[in-house]
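**Student:** As input, take entry.cif (mmCIF, C-alpha atoms (C1' of nucleotides)):
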data_my_file
loop_
_atom_site.label_atom_id
_atom_site.label_comp_id
_atom_site.auth_asym_id
_atom_site.auth_seq_id
_atom_site.Cartn_x
_atom_site.Cartn_y
_atom_site.Cartn_z
CA MET A 11 0.00 0.00 0.00
CA GLY A 12 0.98 3.66 -0.08
CA ASP A 13 4.17 3.46 1.94
CA ASP A 14 3.77 6.76 3.70
CA GLY A 15 1.07 8.16 1.52
CA ALA A 16 -1.31 7.92 4.45
CA ASP A 17 0.96 10.13 6.55
CA MET A 18 0.27 13.37 4.79
CA SER A 19 -3.43 13.09 5.37
CA ASP A 20 -3.04 12.93 9.14
CA VAL A 21 0.37 13.82 10.47
CA LEU A 22 0.12 17.44 9.40
CA LYS A 23 -3.57 18.08 10.03
CA LEU A 24 -3.88 21.12 12.25
CA ASP A 25 -6.50 19.44 14.41
CA ASN A 26 -4.10 16.61 15.15
CA GLN A 27 -1.22 18.82 16.17
CA LEU A 28 -0.24 18.78 19.81
CA CYS A 29 1.99 21.77 19.12
CA PHE A 30 -0.90 23.90 17.95
CA ALA A 31 -3.21 22.78 20.77
CA LEU A 32 -0.47 23.83 23.16
CA HIS A 33 0.17 27.13 21.44
CA ALA A 34 -3.54 27.94 21.33
CA ALA A 35 -4.11 26.95 24.97
CA SER A 36 -1.19 29.04 26.13
CA ARG A 37 -2.46 32.10 24.29
CA ALA A 38 -5.99 31.49 25.54
CA MET A 39 -4.62 31.35 29.09
CA THR A 40 -2.76 34.60 28.63
CA GLY A 41 -5.89 36.09 27.14
CA ALA A 42 -7.95 34.97 30.14
CA TYR A 43 -5.49 36.50 32.61
CA GLN A 44 -4.98 39.73 30.73
CA PRO A 45 -8.22 41.57 31.56
CA LEU A 46 -7.92 40.58 35.22
CA LEU A 47 -4.28 41.62 35.43
CA GLU A 48 -5.11 44.93 33.83
CA ALA A 49 -6.69 45.90 37.15
CA LEU A 50 -3.31 45.29 38.79
CA GLY A 51 -1.53 47.24 36.08
CA VAL A 52 0.71 44.40 34.91
CA THR A 53 1.00 42.21 31.86
CA TYR A 54 0.99 38.45 31.99
CA PRO A 55 4.78 37.97 31.70
CA GLN A 56 5.22 40.65 34.34
CA TYR A 57 2.84 38.69 36.57
CA LEU A 58 5.04 35.61 36.15
CA VAL A 59 8.04 37.62 37.28
CA LEU A 60 6.11 38.85 40.30
CA LEU A 61 5.20 35.25 41.16
CA THR A 62 8.89 34.46 41.46
CA LEU A 63 9.54 37.57 43.54
CA TRP A 64 6.70 36.88 45.97
CA GLU A 65 8.43 33.58 46.60
CA GLU A 66 11.95 34.89 46.49
CA ASP A 67 12.31 38.62 46.96
CA GLY A 68 15.68 40.06 46.04
CA ALA A 69 16.44 37.46 43.41
CA ARG A 70 18.99 38.37 40.82
CA VAL A 71 18.05 38.66 37.16
CA SER A 72 19.64 35.35 36.25
CA ARG A 73 17.74 33.58 39.02
CA ILE A 74 14.42 34.86 37.75
CA GLY A 75 15.45 33.79 34.27
CA GLU A 76 16.30 30.34 35.53
CA ARG A 77 12.87 29.90 37.06
CA LEU A 78 10.94 31.27 34.08
CA HIS A 79 13.28 30.01 31.36
CA LEU A 80 13.92 33.54 30.13
CA ASP A 81 17.14 35.38 29.41
CA SER A 82 18.27 38.89 30.19
CA ALA A 83 17.26 40.14 26.74
CA THR A 84 13.66 39.53 27.76
CA LEU A 85 13.95 40.27 31.45
CA THR A 86 15.97 43.47 31.49
CA PRO A 87 13.39 45.59 29.65
CA LEU A 88 10.49 43.87 31.42
CA LEU A 89 12.04 44.59 34.83
CA LYS A 90 12.66 48.19 33.83
CA ARG A 91 8.96 48.49 33.03
CA LEU A 92 8.05 46.97 36.41
CA GLU A 93 10.42 49.45 38.01
CA ALA A 94 8.89 52.33 36.06
CA HIS A 95 5.51 51.28 37.46
CA GLY A 96 6.94 51.34 40.96
CA LEU A 97 6.50 47.63 41.66
CA VAL A 98 10.15 46.65 41.96
CA GLU A 99 13.51 48.18 42.59
CA ARG A 100 16.64 47.15 40.68
CA ARG A 101 19.76 47.24 42.80
CA ARG A 102 23.30 46.51 41.73
CA SER A 103 24.83 44.05 44.19
CA THR A 104 27.64 45.59 46.20
CA VAL A 105 29.58 42.36 46.59
CA ASP A 106 29.50 41.65 42.85
CA GLU A 107 28.71 44.60 40.66
CA ARG A 108 27.82 42.46 37.66
CA VAL A 109 24.74 41.27 39.52
CA VAL A 110 21.43 43.11 39.61
CA GLU A 111 19.07 42.14 42.40
CA ILE A 112 15.34 42.75 42.15
CA PHE A 113 13.39 43.81 45.20
CA LEU A 114 9.65 44.27 45.55
CA THR A 115 8.48 47.68 46.65
CA ALA A 116 5.68 48.00 49.19
CA LYS A 117 3.36 48.51 46.24
CA GLY A 118 4.65 45.35 44.58
CA ARG A 119 4.20 43.39 47.78
CA ARG A 120 0.65 44.63 48.18
CA LEU A 121 -0.36 43.17 44.79
CA GLU A 122 0.09 39.63 46.03
CA ARG A 123 -3.28 39.47 47.71
CA LYS A 124 -5.17 40.72 44.65
CA ALA A 125 -3.17 38.37 42.47
CA SER A 126 -4.30 35.35 44.44
CA GLU A 127 -7.89 36.35 43.66
CA VAL A 128 -7.02 36.51 39.98
CA ALA A 129 -5.47 33.04 40.12
CA LYS A 130 -8.60 31.70 41.76
CA ASP A 131 -10.84 33.32 39.15
CA ILE A 132 -8.90 31.63 36.40
CA PHE A 133 -9.02 28.31 38.21
CA CYS A 134 -12.81 28.57 38.24
CA LYS A 135 -12.87 29.38 34.58
CA THR A 136 -10.98 26.21 33.70
CA GLN A 137 -13.69 24.13 35.39
CA LEU A 138 -11.02 21.63 36.34
CA SER A 139 -10.87 19.80 39.65
CA LEU A 140 -7.74 20.30 41.68
CA GLY A 141 -6.73 16.77 40.75
CA GLU A 142 -7.25 17.26 37.05
CA LEU A 143 -5.37 20.53 37.13
CA GLY A 144 -2.49 18.96 38.99
CA ARG A 145 -2.26 16.06 36.61
CA LEU A 146 -2.38 18.26 33.52
CA ARG A 147 0.21 20.59 35.01
CA GLU A 148 2.62 17.75 35.73
CA GLU A 149 2.11 16.27 32.27
CA LEU A 150 3.02 19.63 30.79
CA LYS A 151 6.11 19.88 32.97
CA GLU A 152 7.17 16.43 31.88
CA LEU A 153 6.59 17.37 28.24
CA THR A 154 8.66 20.51 28.73
CA ARG A 155 11.52 18.44 30.11
CA LYS A 156 11.39 16.03 27.19
CA LEU A 157 11.33 18.82 24.65
CA GLN A 158 14.23 20.62 26.27
CA ALA A 159 16.43 17.52 26.34
CA VAL A 160 19.28 17.92 23.87
CA ALA A 161 18.89 16.03 20.62
CA ALA A 162 20.08 12.45 21.05
CA MET B 4 -7.46 29.06 61.67
CA GLY B 5 -5.99 31.69 59.34
CA ASP B 6 -8.99 32.34 57.11
CA ASP B 7 -7.16 32.48 53.83
CA GLY B 8 -3.69 32.73 55.19
CA ALA B 9 -2.94 29.30 53.78
CA ASP B 10 -3.83 30.49 50.27
CA MET B 11 -0.82 32.66 49.72
CA SER B 12 1.55 29.84 50.45
CA ASP B 13 0.18 27.68 47.65
CA VAL B 14 -2.13 29.40 45.21
CA LEU B 15 0.61 31.63 43.84
CA LYS B 16 3.54 29.24 43.94
CA LEU B 17 5.09 29.14 40.50
CA ASP B 18 5.40 25.37 40.61
CA ASN B 19 1.67 25.04 41.20
CA GLN B 20 0.67 27.27 38.31
CA LEU B 21 -1.03 25.62 35.38
CA CYS B 22 -0.61 28.86 33.47
CA PHE B 23 3.14 28.80 33.76
CA ALA B 24 3.41 25.10 32.97
CA LEU B 25 1.43 25.82 29.82
CA HIS B 26 3.46 28.87 28.90
CA ALA B 27 6.72 27.00 29.45
CA ALA B 28 5.58 23.93 27.52
CA SER B 29 4.44 26.02 24.61
CA ARG B 30 7.75 27.83 24.42
CA ALA B 31 9.66 24.56 24.77
CA MET B 32 7.63 23.15 21.89
CA THR B 33 8.41 26.16 19.73
CA GLY B 34 12.04 25.82 20.72
CA ALA B 35 12.06 22.16 19.73
CA TYR B 36 10.58 22.90 16.32
CA GLN B 37 12.69 25.91 15.59
CA PRO B 38 16.02 24.26 14.67
CA LEU B 39 14.22 21.71 12.49
CA LEU B 40 12.14 24.35 10.74
CA GLU B 41 15.24 26.40 10.10
CA ALA B 42 16.15 23.84 7.45
CA LEU B 43 12.84 24.64 5.72
CA GLY B 44 13.47 28.36 6.07
CA VAL B 45 10.35 29.11 8.10
CA THR B 46 9.55 30.15 11.65
CA TYR B 47 7.18 28.25 13.89
CA PRO B 48 4.17 30.57 13.41
CA GLN B 49 4.83 30.51 9.66
CA TYR B 50 4.77 26.72 9.85
CA LEU B 51 1.34 26.87 11.49
CA VAL B 52 0.09 29.02 8.62
CA LEU B 53 1.50 26.53 6.12
CA LEU B 54 -0.31 23.71 7.95
CA THR B 55 -3.59 25.45 7.26
CA LEU B 56 -2.67 26.05 3.62
CA TRP B 57 -1.63 22.45 2.99
CA GLU B 58 -5.14 21.56 4.11
CA GLU B 59 -6.88 24.45 2.45
CA ASP B 60 -4.94 26.17 -0.30
CA GLY B 61 -6.26 29.54 -1.38
CA ALA B 62 -7.78 30.37 1.99
CA ARG B 63 -8.42 34.02 2.67
CA VAL B 64 -6.58 35.83 5.47
CA SER B 65 -9.59 35.80 7.77
CA ARG B 66 -10.03 32.05 7.29
CA ILE B 67 -6.43 31.38 8.31
CA GLY B 68 -6.97 33.66 11.28
CA GLU B 69 -10.09 31.76 12.26
CA ARG B 70 -8.22 28.46 12.29
CA LEU B 71 -5.17 29.76 14.15
CA HIS B 72 -6.97 32.30 16.35
CA LEU B 73 -4.92 35.14 14.91
CA ASP B 74 -5.95 38.48 13.47
CA SER B 75 -4.78 40.39 10.44
CA ALA B 76 -2.38 42.48 12.48
CA THR B 77 -0.36 39.31 13.04
CA LEU B 78 -1.07 37.56 9.76
CA THR B 79 -0.56 40.33 7.24
CA PRO B 80 3.13 40.87 7.96
CA LEU B 81 3.72 37.14 8.47
CA LEU B 82 2.14 36.36 5.10
CA LYS B 83 4.21 39.07 3.45
CA ARG B 84 7.31 37.40 4.81
CA LEU B 85 6.17 34.03 3.49
CA GLU B 86 5.56 35.70 0.14
CA ALA B 87 8.99 37.32 0.21
CA HIS B 88 10.45 33.85 0.70
CA GLY B 89 8.52 32.60 -2.31
CA LEU B 90 6.35 30.14 -0.40
CA VAL B 91 2.96 31.73 -0.97
CA GLU B 92 1.29 34.20 -3.28
CA ARG B 93 -1.18 36.81 -2.00
CA ARG B 94 -3.97 37.51 -4.47
CA ARG B 95 -6.75 40.02 -4.14
CA SER B 96 -10.04 38.28 -4.84
CA THR B 97 -11.68 39.52 -8.03
CA VAL B 98 -15.21 38.94 -6.81
CA ASP B 99 -14.64 40.88 -3.57
CA GLU B 100 -11.64 43.14 -3.58
CA ARG B 101 -11.54 43.41 0.19
CA VAL B 102 -10.50 39.78 0.36
CA VAL B 103 -6.92 38.54 0.01
CA GLU B 104 -6.52 34.88 -0.84
CA ILE B 105 -3.34 33.02 -0.06
CA PHE B 106 -2.03 30.40 -2.47
CA LEU B 107 0.91 28.09 -2.03
CA THR B 108 3.61 28.30 -4.65
CA ALA B 109 5.20 25.13 -6.01
CA LYS B 110 8.02 25.76 -3.52
CA GLY B 111 5.50 26.06 -0.70
CA ARG B 112 3.79 22.85 -1.74
CA ARG B 113 7.08 20.99 -1.86
CA LEU B 114 7.80 21.77 1.82
CA GLU B 115 4.92 19.59 2.98
CA ARG B 116 6.86 16.35 2.70
CA LYS B 117 9.82 17.66 4.69
CA ALA B 118 7.45 19.15 7.25
CA SER B 119 5.90 15.78 7.95
CA GLU B 120 9.35 14.49 8.84
CA VAL B 121 9.78 17.38 11.24
CA ALA B 122 6.44 16.62 12.88
CA LYS B 123 7.47 13.00 13.30
CA ASP B 124 10.82 13.99 14.82
CA ILE B 125 9.05 16.09 17.40
CA PHE B 126 6.58 13.32 18.14
CA CYS B 127 9.51 11.04 18.93
CA LYS B 128 11.03 13.66 21.17
CA THR B 129 7.89 13.88 23.28
CA GLN B 130 8.14 10.14 24.02
CA LEU B 131 4.37 10.03 24.16
CA SER B 132 2.25 7.20 22.81
CA LEU B 133 -0.28 8.15 20.16
CA GLY B 134 -2.98 7.67 22.78
CA GLU B 135 -1.32 9.87 25.37
CA LEU B 136 -0.68 12.54 22.80
CA GLY B 137 -4.27 12.46 21.62
CA ARG B 138 -5.63 12.69 25.13
CA LEU B 139 -3.36 15.56 26.09
CA ARG B 140 -4.20 17.37 22.87
CA GLU B 141 -7.93 17.07 23.45
CA GLU B 142 -7.58 18.19 27.06
CA LEU B 143 -5.77 21.28 25.84
CA LYS B 144 -8.44 21.99 23.27
CA GLU B 145 -11.10 21.67 25.93
CA LEU B 146 -9.15 24.00 28.21
CA THR B 147 -8.84 26.50 25.37
CA ARG B 148 -12.60 26.44 24.86
CA LYS B 149 -13.23 27.01 28.57
CA LEU B 150 -10.77 29.88 28.73
CA GLN B 151 -12.20 31.55 25.67
CA ALA B 152 -15.76 31.40 26.95
CA VAL B 153 -16.97 34.89 27.80
CA ALA B 154 -16.99 35.75 31.48
CA ALA B 155 -20.19 34.50 33.09
"C1'" DC C 6 50.93 42.28 39.23
"C1'" DG C 7 48.93 41.42 34.56
"C1'" DC C 8 46.13 39.22 31.65
"C1'" DA C 9 43.19 35.51 29.72
"C1'" DA C 10 38.94 33.09 30.70
"C1'" DC C 11 34.81 33.57 32.47
"C1'" DT C 12 30.34 35.51 34.06
"C1'" DA C 13 26.12 38.83 34.49
"C1'" DA C 14 23.44 41.93 32.51
"C1'" DA C 15 22.51 44.97 28.81
"C1'" DT C 16 21.93 45.89 23.99
"C1'" DC C 17 20.65 45.02 19.12
"C1'" DG C 18 17.80 43.07 15.51
"C1'" DT C 19 13.95 40.29 13.95
"C1'" DG C 20 9.60 38.26 14.42
"C1'" DC C 21 5.17 37.29 16.82
"C1'" DA C 22 0.79 38.77 19.49
"C1'" DC C 23 -2.71 41.86 20.09
"C1'" DG C 24 -5.62 46.20 21.09
"C1'" DA C 25 -7.05 50.06 18.50
"C1'" DT C 26 -7.61 52.58 14.43
"C1'" DT C 27 -7.64 53.30 9.42
"C1'" DT C 28 -8.51 52.35 4.58
"C1'" DA C 29 -10.90 50.36 1.04
"C1'" DG C 30 -14.64 47.92 -0.68
"C1'" DT C 31 -19.49 45.83 -0.32
"C1'" DT C 32 -24.34 45.59 0.88
"C1'" DG C 33 -28.79 47.08 1.89
"C1'" DC C 34 -32.20 50.44 2.14
"C1'" DT C 35 -34.80 54.31 0.73
"C1'" DA D 5 -28.48 56.86 -7.32
"C1'" DG D 6 -26.86 57.93 -2.63
"C1'" DC D 7 -25.57 56.95 1.77
"C1'" DA D 8 -25.20 54.49 6.30
"C1'" DA D 9 -23.82 50.12 8.19
"C1'" DC D 10 -20.90 46.71 7.70
"C1'" DT D 11 -16.80 43.88 6.50
"C1'" DA D 12 -11.72 42.57 5.22
"C1'" DA D 13 -7.31 43.61 5.49
"C1'" DA D 14 -3.76 46.78 6.59
"C1'" DT D 15 -1.50 49.83 9.74
"C1'" DC D 16 0.17 51.62 14.23
"C1'" DG D 17 2.00 51.15 18.84
"C1'" DT D 18 3.52 48.36 22.71
"C1'" DG D 19 5.32 44.38 24.77
"C1'" DC D 20 7.35 39.68 24.74
"C1'" DA D 21 10.79 36.02 22.99
"C1'" DC D 22 15.17 34.91 21.56
"C1'" DG D 23 19.74 34.57 18.89
"C1'" DA D 24 23.88 37.13 18.79
"C1'" DT D 25 26.92 40.48 20.40
"C1'" DT D 26 28.70 43.92 23.68
"C1'" DT D 27 30.02 45.92 28.09
"C1'" DA D 28 31.46 45.67 32.58
"C1'" DG D 29 33.15 43.24 36.33
"C1'" DT D 30 35.35 38.97 38.59
"C1'" DT D 31 38.45 35.13 39.09
"C1'" DG D 32 42.37 32.37 38.57
"C1'" DC D 33 46.87 31.58 37.23
"C1'" DG D 34 51.70 32.32 35.75
#
Give the structure from this file in structure tokens form.

**Tutor:**
Amino acid sequence: MGDDGADMSDVLKLDNQLCFALHAASRAMTGAYQPLLEALGVTYPQYLVLLTLWEEDGARVSRIGERLHLDSATLTPLLKRLEAHGLVERRRSTVDERVVEIFLTAKGRRLERKASEVAKDIFCKTQLSLGELGRLREELKELTRKLQAVAA
Amino acid sequence: MGDDGADMSDVLKLDNQLCFALHAASRAMTGAYQPLLEALGVTYPQYLVLLTLWEEDGARVSRIGERLHLDSATLTPLLKRLEAHGLVERRRSTVDERVVEIFLTAKGRRLERKASEVAKDIFCKTQLSLGELGRLREELKELTRKLQAVAA
DNA sequence: CGCAACTAAATCGTGCACGATTTAGTTGCT
DNA sequence: AGCAACTAAATCGTGCACGATTTAGTTGCG
């Protein structure tokens, strides 16, 4: 039979693509957060940075990048915008002047409470149980690990 | 006990966030495709557009946008780049001159075969069974639908 | 000390995403 | 015919993502 003639008809169908389902879901998630975050005056990627700071205030740029898988080309301007909005302070480390440490301002710290309401709103919107959410989340983390593994 | 004092400690932890797991997985997927697509001379979003055209050659801009959830602000420049690379042709419809229809060139059509190899490579990298992949994909589609639903 | 190797962040350039507006073309209604 | 309502794509502005390079600062070693 058609050796791999059958492939074309399925392998590349948009509806069968995990990659597109992932891409679409990620953008839908961002889109769901966006109007809620607007009230806090931050964008979605800025919110992710704040999540790391609420856990680990004073982290250096590279540490934030490690947690979010982002590099300084993305973070530096983003952090400058957060600083311009008065949510964080960027301080050059005195022990190693190459390092920039990021500290929440009082205003930045105050957002945490509102942010937890936002996170809960989104959780409701997903209509997932805690168990389902947890399972999906861990599957995605596992997928991320697999995709980041260097080519064999 | 602390009314919602326990919330803070969990609800906003980065590791517990579905949104971040999704964001990270999506970027990891793009990152996995990117070096393979480089050989075809296209970016990942351009590849998604080509997927729709291999299924539906001659689609208008709005139709591509409907399938990929993208608007003309994103698609117009992307399609111009695809045209500049000789992969598609943009033609104003004669029956309705507001409409721009996108046609694959011979070069664009030829990429389909190579693209299916790329898709298979990525599938291998995920180390998912066809069943697991299908289930995850459908869960993501369902999540996308939920997140896109207008606020109740 | 002096200098190469290294490291952290910043900068540069390109492309994508998206809200908002604009431009051009079509349709329907009187 | 004439014009308002509508529609499709393009355009504009801002922000994110990321490869590649640059700048500044540190460390180790002869």

**Student:** Report as a ChimeraX atom specification the residues that result from applying the PyMOL selection byres ((chain C) within 8 of (chain B)) to the structure here.

**Tutor:** /C:21-23,29-31

**Student:** Kindly give the distance, in Å, that separates CA of Glu145 (chain B) and CA of Lys156 (chain A), rounded to a single decimal.

**Tutor:**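 Separation of CA of Glu145 (chain B) and CA of Lys156 (chain A): 23.2 Å.
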
**Student:** Write out the coordinates of chain B as a tab-separated table (two decimals) with C-alpha atoms, in the coordinates of the input after a least-squares overlay onto chain A built on all ordered Cα pairs.

**Tutor:**
chain	number	residue	atom	x	y	z
B	4	MET	CA	-0.20	0.12	-0.09
B	5	GLY	CA	0.97	3.73	-0.37
B	6	ASP	CA	4.17	3.55	1.67
B	7	ASP	CA	3.76	6.78	3.53
B	8	GLY	CA	1.01	8.23	1.46
B	9	ALA	CA	-1.32	7.93	4.43
B	10	ASP	CA	1.00	10.12	6.53
B	11	MET	CA	0.28	13.37	4.80
B	12	SER	CA	-3.41	13.05	5.38
B	13	ASP	CA	-3.03	12.90	9.15
B	14	VAL	CA	0.38	13.79	10.50
B	15	LEU	CA	0.12	17.41	9.42
B	16	LYS	CA	-3.56	18.04	10.06
B	17	LEU	CA	-3.86	21.09	12.26
B	18	ASP	CA	-6.47	19.41	14.43
B	19	ASN	CA	-4.09	16.56	15.17
B	20	GLN	CA	-1.21	18.79	16.20
B	21	LEU	CA	-0.22	18.75	19.84
B	22	CYS	CA	1.99	21.74	19.14
B	23	PHE	CA	-0.88	23.88	17.98
B	24	ALA	CA	-3.19	22.77	20.78
B	25	LEU	CA	-0.46	23.83	23.19
B	26	HIS	CA	0.20	27.12	21.45
B	27	ALA	CA	-3.52	27.92	21.35
B	28	ALA	CA	-4.09	26.94	24.97
B	29	SER	CA	-1.19	29.02	26.14
B	30	ARG	CA	-2.44	32.07	24.29
B	31	ALA	CA	-5.98	31.49	25.55
B	32	MET	CA	-4.62	31.33	29.09
B	33	THR	CA	-2.75	34.59	28.62
B	34	GLY	CA	-5.89	36.08	27.15
B	35	ALA	CA	-7.93	34.96	30.14
B	36	TYR	CA	-5.49	36.50	32.60
B	37	GLN	CA	-4.97	39.70	30.72
B	38	PRO	CA	-8.22	41.56	31.55
B	39	LEU	CA	-7.92	40.57	35.22
B	40	LEU	CA	-4.28	41.62	35.43
B	41	GLU	CA	-5.11	44.92	33.82
B	42	ALA	CA	-6.69	45.91	37.13
B	43	LEU	CA	-3.30	45.30	38.79
B	44	GLY	CA	-1.53	47.25	36.06
B	45	VAL	CA	0.70	44.40	34.91
B	46	THR	CA	1.01	42.20	31.85
B	47	TYR	CA	0.99	38.43	31.98
B	48	PRO	CA	4.78	37.95	31.70
B	49	GLN	CA	5.23	40.66	34.34
B	50	TYR	CA	2.86	38.69	36.56
B	51	LEU	CA	5.05	35.61	36.15
B	52	VAL	CA	8.06	37.63	37.27
B	53	LEU	CA	6.12	38.87	40.30
B	54	LEU	CA	5.21	35.26	41.16
B	55	THR	CA	8.89	34.47	41.45
B	56	LEU	CA	9.54	37.58	43.54
B	57	TRP	CA	6.68	36.91	45.96
B	58	GLU	CA	8.42	33.60	46.60
B	59	GLU	CA	11.94	34.91	46.50
B	60	ASP	CA	12.30	38.65	46.97
B	61	GLY	CA	15.66	40.10	46.03
B	62	ALA	CA	16.42	37.46	43.42
B	63	ARG	CA	19.00	38.38	40.83
B	64	VAL	CA	18.04	38.66	37.15
B	65	SER	CA	19.64	35.34	36.25
B	66	ARG	CA	17.74	33.58	39.04
B	67	ILE	CA	14.41	34.88	37.76
B	68	GLY	CA	15.46	33.79	34.29
B	69	GLU	CA	16.31	30.33	35.55
B	70	ARG	CA	12.86	29.90	37.08
B	71	LEU	CA	10.95	31.28	34.10
B	72	HIS	CA	13.29	30.00	31.37
B	73	LEU	CA	13.93	33.53	30.14
B	74	ASP	CA	17.15	35.37	29.42
B	75	SER	CA	18.27	38.88	30.18
B	76	ALA	CA	17.28	40.12	26.74
B	77	THR	CA	13.67	39.52	27.76
B	78	LEU	CA	13.95	40.27	31.46
B	79	THR	CA	15.97	43.47	31.48
B	80	PRO	CA	13.40	45.59	29.64
B	81	LEU	CA	10.50	43.86	31.41
B	82	LEU	CA	12.06	44.59	34.81
B	83	LYS	CA	12.66	48.19	33.81
B	84	ARG	CA	8.98	48.49	33.02
B	85	LEU	CA	8.05	46.99	36.38
B	86	GLU	CA	10.42	49.48	38.00
B	87	ALA	CA	8.89	52.35	36.04
B	88	HIS	CA	5.52	51.30	37.44
B	89	GLY	CA	6.94	51.36	40.95
B	90	LEU	CA	6.50	47.65	41.62
B	91	VAL	CA	10.14	46.65	41.95
B	92	GLU	CA	13.52	48.21	42.58
B	93	ARG	CA	16.63	47.12	40.66
B	94	ARG	CA	19.77	47.24	42.79
B	95	ARG	CA	23.29	46.50	41.73
B	96	SER	CA	24.81	44.05	44.18
B	97	THR	CA	27.62	45.59	46.21
B	98	VAL	CA	29.54	42.35	46.59
B	99	ASP	CA	29.49	41.63	42.84
B	100	GLU	CA	28.70	44.58	40.67
B	101	ARG	CA	27.81	42.44	37.68
B	102	VAL	CA	24.73	41.26	39.52
B	103	VAL	CA	21.41	43.12	39.61
B	104	GLU	CA	19.05	42.15	42.40
B	105	ILE	CA	15.35	42.76	42.13
B	106	PHE	CA	13.37	43.82	45.20
B	107	LEU	CA	9.65	44.29	45.53
B	108	THR	CA	8.48	47.69	46.63
B	109	ALA	CA	5.68	48.02	49.18
B	110	LYS	CA	3.35	48.54	46.21
B	111	GLY	CA	4.66	45.36	44.59
B	112	ARG	CA	4.18	43.41	47.79
B	113	ARG	CA	0.63	44.65	48.17
B	114	LEU	CA	-0.37	43.19	44.77
B	115	GLU	CA	0.08	39.64	46.01
B	116	ARG	CA	-3.30	39.48	47.72
B	117	LYS	CA	-5.18	40.72	44.65
B	118	ALA	CA	-3.17	38.37	42.46
B	119	SER	CA	-4.32	35.36	44.43
B	120	GLU	CA	-7.89	36.35	43.66
B	121	VAL	CA	-7.03	36.51	39.98
B	122	ALA	CA	-5.48	33.05	40.11
B	123	LYS	CA	-8.61	31.70	41.77
B	124	ASP	CA	-10.85	33.33	39.15
B	125	ILE	CA	-8.91	31.63	36.41
B	126	PHE	CA	-9.01	28.31	38.22
B	127	CYS	CA	-12.80	28.56	38.27
B	128	LYS	CA	-12.87	29.37	34.60
B	129	THR	CA	-10.97	26.21	33.72
B	130	GLN	CA	-13.68	24.13	35.42
B	131	LEU	CA	-11.01	21.63	36.37
B	132	SER	CA	-10.87	19.80	39.68
B	133	LEU	CA	-7.73	20.31	41.72
B	134	GLY	CA	-6.72	16.77	40.78
B	135	GLU	CA	-7.24	17.26	37.06
B	136	LEU	CA	-5.38	20.52	37.15
B	137	GLY	CA	-2.48	18.97	39.02
B	138	ARG	CA	-2.25	16.06	36.63
B	139	LEU	CA	-2.37	18.25	33.55
B	140	ARG	CA	0.21	20.58	35.04
B	141	GLU	CA	2.62	17.75	35.77
B	142	GLU	CA	2.12	16.27	32.31
B	143	LEU	CA	3.04	19.63	30.83
B	144	LYS	CA	6.12	19.89	33.00
B	145	GLU	CA	7.18	16.43	31.92
B	146	LEU	CA	6.61	17.35	28.28
B	147	THR	CA	8.68	20.49	28.76
B	148	ARG	CA	11.55	18.43	30.16
B	149	LYS	CA	11.40	16.01	27.22
B	150	LEU	CA	11.34	18.82	24.69
B	151	GLN	CA	14.23	20.61	26.30
B	152	ALA	CA	16.43	17.53	26.38
B	153	VAL	CA	19.28	17.91	23.91
B	154	ALA	CA	18.87	16.03	20.65
B	155	ALA	CA	20.02	12.44	21.07

**Student:** Got a sec: who's within 9 Å of Arg94 (chain B), counting all atoms listed in the file, leaving out chain neighbours fewer than 4 positions off, as number ranges by chain?

**Tutor:** B: 61, 102-106

**Student:** Applied to the shown file, which residues does the PyMOL selection byres ((chain B and resi 27) around 9) return, written as a PyMOL selection string?

**Tutor:** (chain A and resi 36+78-79+150-151+154) or (chain B and resi 22-26+28-32)

**Student:** Keeping only C-alpha atoms, write the selected residues to a file as a PDB file, in the frame of the given file.

**Tutor:**
ATOM      1  CA  SER A  36      -1.190  29.040  26.130  1.00  0.00           C
ATOM      2  CA  LEU A  78      10.940  31.270  34.080  1.00  0.00           C
ATOM      3  CA  HIS A  79      13.280  30.010  31.360  1.00  0.00           C
ATOM      4  CA  LEU A 150       3.020  19.630  30.790  1.00  0.00           C
ATOM      5  CA  LYS A 151       6.110  19.880  32.970  1.00  0.00           C
ATOM      6  CA  THR A 154       8.660  20.510  28.730  1.00  0.00           C
TER       7      THR A 154
ATOM      8  CA  CYS B  22      -0.610  28.860  33.470  1.00  0.00           C
ATOM      9  CA  PHE B  23       3.140  28.800  33.760  1.00  0.00           C
ATOM     10  CA  ALA B  24       3.410  25.100  32.970  1.00  0.00           C
ATOM     11  CA  LEU B  25       1.430  25.820  29.820  1.00  0.00           C
ATOM     12  CA  HIS B  26       3.460  28.870  28.900  1.00  0.00           C
ATOM     13  CA  ALA B  28       5.580  23.930  27.520  1.00  0.00           C
ATOM     14  CA  SER B  29       4.440  26.020  24.610  1.00  0.00           C
ATOM     15  CA  ARG B  30       7.750  27.830  24.420  1.00  0.00           C
ATOM     16  CA  ALA B  31       9.660  24.560  24.770  1.00  0.00           C
ATOM     17  CA  MET B  32       7.630  23.150  21.890  1.00  0.00           C
TER      18      MET B  32
END

**Student:** Report, in Å to a single decimal, how far apart CA of Glu76 (chain A) and CA of Val121 (chain B) are.

**Tutor:**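 So the answer is 28.3 Å.
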
**Student:** Measure the distance from CA of Asp13 (chain B) to CA of Leu46 (chain A) in Å and round it to one decimal.

**Tutor:**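 Distance between the two atoms: 19.7 Å.
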
**Student:** Translate the PyMOL selection byres ((chain D) within 10 of (chain A)), as applied to the file shown, into an explicit residue set as a PyMOL selection string.

**Tutor:** chain D and resi 19-23+28-30

**Student:** I'd like to know which of B:Cys127, B:Leu90, B:Leu146, B:Leu85 is closest to chain A, using all atoms listed in the file.

**Tutor:**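 Using all atoms listed in the file, the shortest distance to chain A belongs to B:Leu146.
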
**Student:** With only C-alpha atoms (C1' of nucleotides) as the counted atoms, please give the residues lying no more than 12 Å from Gln130 (chain B), apart from itself and same-chain residues fewer than 2 positions off, as a PyMOL selection string.

**Tutor:** (chain A and resi 149+152-157+159) or (chain B and resi 123-128+132-136)
